[in-house]
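work-v3.pdb follows; it contains PDB, C-alpha atoms, pLDDT in the B column.
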```pdb
MODEL        1
ATOM      1  CA  MET A  16      -8.543   9.254  19.584  1.00 83.00           C
ATOM      2  CA  THR A  17      -7.785  11.155  16.365  1.00 91.00           C
ATOM      3  CA  PRO A  18      -8.949   9.811  12.973  1.00 90.00           C
ATOM      4  CA  HIS A  19      -5.308   9.011  12.129  1.00 84.00           C
ATOM      5  CA  GLU A  20      -4.823   7.026  15.333  1.00 90.00           C
ATOM      6  CA  LYS A  21      -8.074   5.121  14.736  1.00 89.00           C
ATOM      7  CA  TYR A  22      -7.095   4.269  11.152  1.00 86.00           C
ATOM      8  CA  ILE A  23      -3.674   3.005  12.275  1.00 88.00           C
ATOM      9  CA  LYS A  24      -5.218   0.936  15.071  1.00 88.00           C
ATOM     10  CA  ASP A  25      -7.764  -0.614  12.679  1.00 87.00           C
ATOM     11  CA  ALA A  26      -5.175  -1.268   9.948  1.00 88.00           C
ATOM     12  CA  LEU A  27      -2.876  -3.046  12.394  1.00 91.00           C
ATOM     13  CA  SER A  28      -5.726  -4.997  14.040  1.00 86.00           C
ATOM     14  CA  GLY A  29      -5.769  -8.536  12.665  1.00 81.00           C
ATOM     15  CA  TRP A  30      -9.509  -9.106  12.501  1.00 84.00           C
ATOM     16  CA  LYS A  31     -10.516  -5.576  11.457  1.00 84.00           C
ATOM     17  CA  PHE A  32      -7.914  -5.566   8.677  1.00 87.00           C
ATOM     18  CA  THR A  33      -9.036  -9.013   7.484  1.00 86.00           C
ATOM     19  CA  LEU A  34     -12.721  -8.066   7.530  1.00 86.00           C
ATOM     20  CA  GLY A  35     -12.061  -4.806   5.673  1.00 84.00           C
ATOM     21  CA  MET A  36      -9.963  -6.544   3.049  1.00 88.00           C
ATOM     22  CA  LEU A  37     -12.528  -9.352   2.619  1.00 85.00           C
ATOM     23  CA  LEU A  38     -15.094  -6.680   1.770  1.00 90.00           C
ATOM     24  CA  LYS A  39     -12.869  -4.512  -0.449  1.00 89.00           C
ATOM     25  CA  LEU A  40      -9.824  -6.548  -1.615  1.00 89.00           C
ATOM     26  CA  PRO A  41     -10.351 -10.273  -0.970  1.00 93.00           C
ATOM     27  CA  SER A  42      -7.211 -11.300  -2.879  1.00 94.00           C
ATOM     28  CA  ILE A  43      -5.117  -9.542  -0.201  1.00 94.00           C
ATOM     29  CA  VAL A  44      -6.604 -11.895   2.414  1.00 92.00           C
ATOM     30  CA  PHE A  45      -6.096 -14.962   0.211  1.00 95.00           C
ATOM     31  CA  TRP A  46      -2.433 -14.042  -0.385  1.00 95.00           C
ATOM     32  CA  GLY A  47      -1.859 -13.398   3.346  1.00 94.00           C
ATOM     33  CA  VAL A  48      -0.659  -9.809   2.904  1.00 95.00           C
ATOM     34  CA  ARG A  49      -0.212  -7.957   6.214  1.00 95.00           C
ATOM     35  CA  ILE A  50       0.479  -4.365   7.214  1.00 95.00           C
ATOM     36  CA  GLN A  51       3.442  -4.673   9.593  1.00 96.00           C
ATOM     37  CA  SER A  52       3.773  -1.001  10.508  1.00 96.00           C
ATOM     38  CA  LEU A  53       2.052   2.243   9.621  1.00 96.00           C
ATOM     39  CA  ASP A  54       2.619   5.816  10.738  1.00 95.00           C
ATOM     40  CA  GLU A  55       2.309   9.302   9.246  1.00 94.00           C
ATOM     41  CA  ASN A  56       5.453   8.890   7.143  1.00 96.00           C
ATOM     42  CA  HIS A  57       5.893   5.198   6.424  1.00 97.00           C
ATOM     43  CA  CYS A  58       4.040   1.982   5.664  1.00 97.00           C
ATOM     44  CA  LYS A  59       5.542  -1.509   5.707  1.00 98.00           C
ATOM     45  CA  VAL A  60       3.639  -4.447   4.173  1.00 97.00           C
ATOM     46  CA  THR A  61       4.709  -8.099   3.944  1.00 97.00           C
ATOM     47  CA  ILE A  62       3.757 -11.012   1.738  1.00 98.00           C
ATOM     48  CA  GLN A  63       4.874 -14.589   2.355  1.00 97.00           C
ATOM     49  CA  TYR A  64       6.022 -17.132  -0.203  1.00 97.00           C
ATOM     50  CA  THR A  65       3.371 -19.862   0.192  1.00 96.00           C
ATOM     51  CA  TRP A  66       1.320 -22.141  -2.016  1.00 95.00           C
ATOM     52  CA  ARG A  67      -1.266 -19.330  -2.327  1.00 95.00           C
ATOM     53  CA  THR A  68       1.230 -16.820  -3.722  1.00 96.00           C
ATOM     54  CA  GLN A  69       3.553 -18.981  -5.796  1.00 94.00           C
ATOM     55  CA  ASN A  70       3.710 -19.242  -9.558  1.00 93.00           C
ATOM     56  CA  PRO A  71       4.875 -22.305 -11.555  1.00 94.00           C
ATOM     57  CA  PHE A  72       8.469 -21.003 -11.395  1.00 93.00           C
ATOM     58  CA  ARG A  73       8.643 -21.304  -7.591  1.00 93.00           C
ATOM     59  CA  SER A  74       8.535 -17.614  -6.803  1.00 95.00           C
ATOM     60  CA  ILE A  75       5.801 -15.211  -5.734  1.00 97.00           C
ATOM     61  CA  TYR A  76       3.355 -14.465  -8.531  1.00 95.00           C
ATOM     62  CA  PHE A  77       3.877 -10.964  -9.938  1.00 95.00           C
ATOM     63  CA  ALA A  78       0.251  -9.951  -9.310  1.00 95.00           C
ATOM     64  CA  ALA A  79       0.537 -10.852  -5.612  1.00 97.00           C
ATOM     65  CA  LEU A  80       3.708  -8.738  -5.371  1.00 97.00           C
ATOM     66  CA  ALA A  81       1.938  -5.899  -7.162  1.00 96.00           C
ATOM     67  CA  GLY A  82      -1.011  -6.113  -4.758  1.00 96.00           C
ATOM     68  CA  ALA A  83       1.242  -5.981  -1.704  1.00 97.00           C
ATOM     69  CA  GLY A  84       3.213  -3.061  -3.152  1.00 97.00           C
ATOM     70  CA  GLU A  85       0.058  -1.147  -4.006  1.00 97.00           C
ATOM     71  CA  LEU A  86      -1.313  -1.732  -0.494  1.00 97.00           C
ATOM     72  CA  SER A  87       1.779  -0.148   1.052  1.00 97.00           C
ATOM     73  CA  THR A  88       1.094   3.052  -0.903  1.00 98.00           C
ATOM     74  CA  GLY A  89      -2.707   2.920  -0.614  1.00 96.00           C
ATOM     75  CA  ALA A  90      -2.743   2.421   3.154  1.00 96.00           C
ATOM     76  CA  LEU A  91      -0.550   5.498   3.534  1.00 96.00           C
ATOM     77  CA  CYS A  92      -2.979   7.440   1.311  1.00 96.00           C
ATOM     78  CA  ARG A  93      -6.009   6.288   3.307  1.00 95.00           C
ATOM     79  CA  LEU A  94      -4.273   7.251   6.543  1.00 95.00           C
ATOM     80  CA  HIS A  95      -3.738  10.801   5.293  1.00 95.00           C
ATOM     81  CA  LEU A  96      -7.342  11.035   4.085  1.00 96.00           C
ATOM     82  CA  ALA A  97      -8.717  10.033   7.509  1.00 93.00           C
ATOM     83  CA  GLY A  98     -10.468  12.947   9.166  1.00 90.00           C
ATOM     84  CA  ARG A  99     -10.303  15.234   6.109  1.00 90.00           C
ATOM     85  CA  ASP A 100     -13.174  16.576   4.060  1.00 90.00           C
ATOM     86  CA  PRO A 101     -14.120  14.053   1.344  1.00 92.00           C
ATOM     87  CA  ILE A 102     -11.390  13.441  -1.231  1.00 94.00           C
ATOM     88  CA  SER A 103     -11.654  10.686  -3.821  1.00 95.00           C
ATOM     89  CA  MET A 104      -8.604   8.638  -4.784  1.00 96.00           C
ATOM     90  CA  LEU A 105      -7.926   6.533  -7.853  1.00 96.00           C
ATOM     91  CA  VAL A 106      -4.981   4.657  -9.364  1.00 97.00           C
ATOM     92  CA  VAL A 107      -4.251   6.254 -12.744  1.00 97.00           C
ATOM     93  CA  ASP A 108      -0.934   4.541 -13.566  1.00 98.00           C
ATOM     94  CA  PHE A 109       1.013   1.557 -12.360  1.00 97.00           C
ATOM     95  CA  LYS A 110       4.546   0.382 -13.095  1.00 97.00           C
ATOM     96  CA  ALA A 111       6.414  -2.576 -11.670  1.00 97.00           C
ATOM     97  CA  ARG A 112      10.021  -3.693 -12.020  1.00 96.00           C
ATOM     98  CA  TYR A 113      11.225  -7.048 -10.744  1.00 94.00           C
ATOM     99  CA  PHE A 114      14.950  -7.636 -10.165  1.00 93.00           C
ATOM    100  CA  LYS A 115      15.379 -10.794  -8.132  1.00 93.00           C
ATOM    101  CA  LYS A 116      13.380 -13.973  -7.669  1.00 93.00           C
ATOM    102  CA  ALA A 117      10.884 -13.520  -4.827  1.00 96.00           C
ATOM    103  CA  ASP A 118      11.122 -16.917  -3.145  1.00 96.00           C
ATOM    104  CA  SER A 119      10.841 -15.824   0.490  1.00 97.00           C
ATOM    105  CA  ARG A 120       8.939 -13.235   2.525  1.00 97.00           C
ATOM    106  CA  ILE A 121       8.992  -9.867   0.732  1.00 98.00           C
ATOM    107  CA  THR A 122       8.591  -6.587   2.608  1.00 98.00           C
ATOM    108  CA  PHE A 123       7.403  -3.457   0.811  1.00 98.00           C
ATOM    109  CA  HIS A 124       8.312  -0.047   2.209  1.00 98.00           C
ATOM    110  CA  CYS A 125       6.731   3.255   1.214  1.00 98.00           C
ATOM    111  CA  ASN A 126       8.012   6.346   3.022  1.00 97.00           C
ATOM    112  CA  GLN A 127       6.379   9.268   1.214  1.00 97.00           C
ATOM    113  CA  GLY A 128       3.995  10.342   3.960  1.00 96.00           C
ATOM    114  CA  ALA A 129       5.340  13.885   4.283  1.00 96.00           C
ATOM    115  CA  GLU A 130       5.185  14.428   0.518  1.00 97.00           C
ATOM    116  CA  LEU A 131       1.635  13.059   0.420  1.00 96.00           C
ATOM    117  CA  ARG A 132       0.506  15.261   3.332  1.00 95.00           C
ATOM    118  CA  HIS A 133       1.860  18.351   1.550  1.00 95.00           C
ATOM    119  CA  LEU A 134       0.058  17.386  -1.670  1.00 96.00           C
ATOM    120  CA  LEU A 135      -3.288  16.806   0.081  1.00 95.00           C
ATOM    121  CA  ASP A 136      -2.980  20.054   2.055  1.00 94.00           C
ATOM    122  CA  GLY A 137      -2.904  21.846  -1.314  1.00 92.00           C
ATOM    123  CA  LEU A 138      -6.403  20.639  -2.224  1.00 92.00           C
ATOM    124  CA  LYS A 139      -8.422  23.594  -0.940  1.00 90.00           C
ATOM    125  CA  ASN A 140     -11.515  23.905  -3.155  1.00 90.00           C
ATOM    126  CA  SER A 141     -14.087  21.457  -4.455  1.00 90.00           C
ATOM    127  CA  GLY A 142     -12.897  20.023  -7.769  1.00 91.00           C
ATOM    128  CA  ASP A 143      -9.180  20.572  -7.079  1.00 91.00           C
ATOM    129  CA  THR A 144      -7.077  17.641  -8.267  1.00 95.00           C
ATOM    130  CA  ALA A 145      -3.537  16.424  -7.761  1.00 96.00           C
ATOM    131  CA  THR A 146      -1.478  13.337  -8.591  1.00 97.00           C
ATOM    132  CA  ILE A 147       1.511  11.722  -6.936  1.00 98.00           C
ATOM    133  CA  VAL A 148       3.738   8.830  -7.927  1.00 98.00           C
ATOM    134  CA  MET A 149       4.294   6.707  -4.841  1.00 98.00           C
ATOM    135  CA  THR A 150       7.054   4.115  -4.759  1.00 98.00           C
ATOM    136  CA  ALA A 151       7.075   0.856  -2.817  1.00 98.00           C
ATOM    137  CA  THR A 152      10.385  -0.963  -2.637  1.00 98.00           C
ATOM    138  CA  GLY A 153      10.284  -4.705  -2.044  1.00 98.00           C
ATOM    139  CA  THR A 154      13.137  -6.418  -0.216  1.00 98.00           C
ATOM    140  CA  ASN A 155      13.807  -9.994   0.847  1.00 97.00           C
ATOM    141  CA  PRO A 156      14.877 -11.000   4.387  1.00 97.00           C
ATOM    142  CA  SER A 157      18.563 -10.425   3.559  1.00 96.00           C
ATOM    143  CA  GLY A 158      17.768  -6.827   2.512  1.00 95.00           C
ATOM    144  CA  MET A 159      18.220  -7.350  -1.226  1.00 96.00           C
ATOM    145  CA  GLU A 160      15.911  -5.296  -3.422  1.00 97.00           C
ATOM    146  CA  THR A 161      13.563  -7.604  -5.333  1.00 97.00           C
ATOM    147  CA  SER A 162      11.109  -5.167  -6.892  1.00 97.00           C
ATOM    148  CA  ILE A 163       9.968  -1.584  -7.199  1.00 98.00           C
ATOM    149  CA  ILE A 164       6.283  -0.789  -7.554  1.00 98.00           C
ATOM    150  CA  GLU A 165       5.275   2.726  -8.680  1.00 98.00           C
ATOM    151  CA  VAL A 166       1.628   3.667  -8.232  1.00 98.00           C
ATOM    152  CA  THR A 167       0.318   6.989  -9.506  1.00 98.00           C
ATOM    153  CA  TRP A 168      -2.558   8.100  -7.319  1.00 98.00           C
ATOM    154  CA  SER A 169      -4.978  10.838  -8.365  1.00 97.00           C
ATOM    155  CA  PHE A 170      -6.912  12.802  -5.751  1.00 97.00           C
ATOM    156  CA  ARG A 171      -9.938  15.057  -6.240  1.00 96.00           C
ATOM    157  CA  LYS A 172     -11.511  17.201  -3.553  1.00 94.00           C
ATOM    158  CA  LYS A 173     -15.285  16.682  -3.444  1.00 91.00           C
TER     159      LYS A 173
ENDMDL
END
```
Please express the file's structure as structure tokens.
Amino acid sequence: MTPHEKYIKDALSGWKFTLGMLLKLPSIVFWGVRIQSLDENHCKVTIQYTWRTQNPFRSIYFAALAGAGELSTGALCRLHLAGRDPISMLVVDFKARYFKKADSRITFHCNQGAELRHLLDGLKNSGDTATIVMTATGTNPSGMETSIIEVTWSFRKK
């Protein structure tokens, strides 16, 4: 099994994902965020509208939406780092736009895997750095766009 296949299997495994998130990002577990699908090019993450995610205005709290959107970009980054020589990653900028009330399940899609792979392939020598703005688009069950999350990731080859 390749490192990519192992990462995908672990990310989609209920208990392994939950354990990993409890150790690294416990709010993701509390909010009930789930990775629905993950491959080399695309990541799909969902968050439900429940008592744990709602704000006083009966919609999903903006921070919970931001966390789910960031996870859809970060999981894709971690997938592409699996099996490579050590590369550190860090969020250096974050922007969020909200268009429609998030009062149902929201699904975030990020499909920049090919662009990310190309960027990481360019990091040849120790100390090389690169940044990429990754976009996660949130939609409700009827397909209406509710939010756009833009996460700027910085990578440095160790």
Box dimensions and centre (Å, one decimal) enclosing segment 130-134 of chain A, axis-aligned, 8 Å extra per side, as lines of an AutoDock Vina configuration file:
```
center_x = 2.6
center_y = 15.7
center_z = 0.8
size_x = 21.1
size_y = 21.3
size_z = 21.0
```
| request: Can you turn the PyMOL selection byres ((chain A and resi 139) around 12) into a concrete residue list for this file, as a list of chain:residue names? | output: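 In the shown coordinates, the PyMOL selection byres ((chain A and resi 139) around 12) covers A:Arg99, A:Asp100, A:Pro101, A:Ile102, A:His133, A:Leu134, A:Leu135, A:Asp136, A:Gly137, A:Leu138, A:Asn140, A:Ser141, A:Gly142, A:Asp143, A:Thr144, A:Ala145, A:Phe170, A:Arg171, A:Lys172, A:Lys173.
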| Got a sec to resolve the PyMOL selection byres ((chain A and resi 113-117) around 6) on this structure and send the residues as a PyMOL selection string? | chain A and resi 74-75+112+118-119+161-162
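Across A:Met36, A:Gly47, A:Leu53, A:Ile121, the tightest approach to Trp66 of chain A is made by A:Gly47 when counting all atoms listed in the file.
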| message | Can you measure atom CA of Leu131 of chain A to atom CA of Phe32 of chain A for me? One decimal in Å is fine. | response |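 Atom-to-atom, atom CA of Leu131 of chain A to atom CA of Phe32 of chain A, that is 22.5 Å.
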| request: May I have the residues within 10 Å of Thr33 of chain A as a PyMOL selection string, using all atoms listed in the file and disregarding those fewer than 6 positions away in the same chain? | output: chain A and resi 25-27+39-41+43-45+47-49
Pull C-alpha atoms from the residues just selected and write them as a tab-separated table (two decimals), keeping the file's coordinate frame.
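Contents of the output file out_7.tsv:
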```tsv
chain	number	residue	atom	x	y	z
A	25	ASP	CA	-7.76	-0.61	12.68
A	26	ALA	CA	-5.18	-1.27	9.95
A	27	LEU	CA	-2.88	-3.05	12.39
A	39	LYS	CA	-12.87	-4.51	-0.45
A	40	LEU	CA	-9.82	-6.55	-1.62
A	41	PRO	CA	-10.35	-10.27	-0.97
A	43	ILE	CA	-5.12	-9.54	-0.20
A	44	VAL	CA	-6.60	-11.90	2.41
A	45	PHE	CA	-6.10	-14.96	0.21
A	47	GLY	CA	-1.86	-13.40	3.35
A	48	VAL	CA	-0.66	-9.81	2.90
A	49	ARG	CA	-0.21	-7.96	6.21
```
| query | Between A:Met16, A:Thr65, A:Ala111, A:Leu38, which has the minimum distance to Leu80 of chain A (counting all atoms listed in the file)? | reply | A:Ala111
| field | Neighbour list for segment 57-59 of chain A as JSON, numbers by chain, cut-off 7 Å, all atoms listed in the file, skip fewer than 4 positions in-chain | value | {"A": [50, 51, 52, 53, 87, 91, 122, 123, 124, 125, 126, 127, 128]}
| Among listed residues A:Ser42, A:Ile62, A:Gly98, A:Met149, nearest Tyr22 of chain A (using all atoms listed in the file) |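 Among the listed residues, A:Gly98 lies closest to Tyr22 of chain A.
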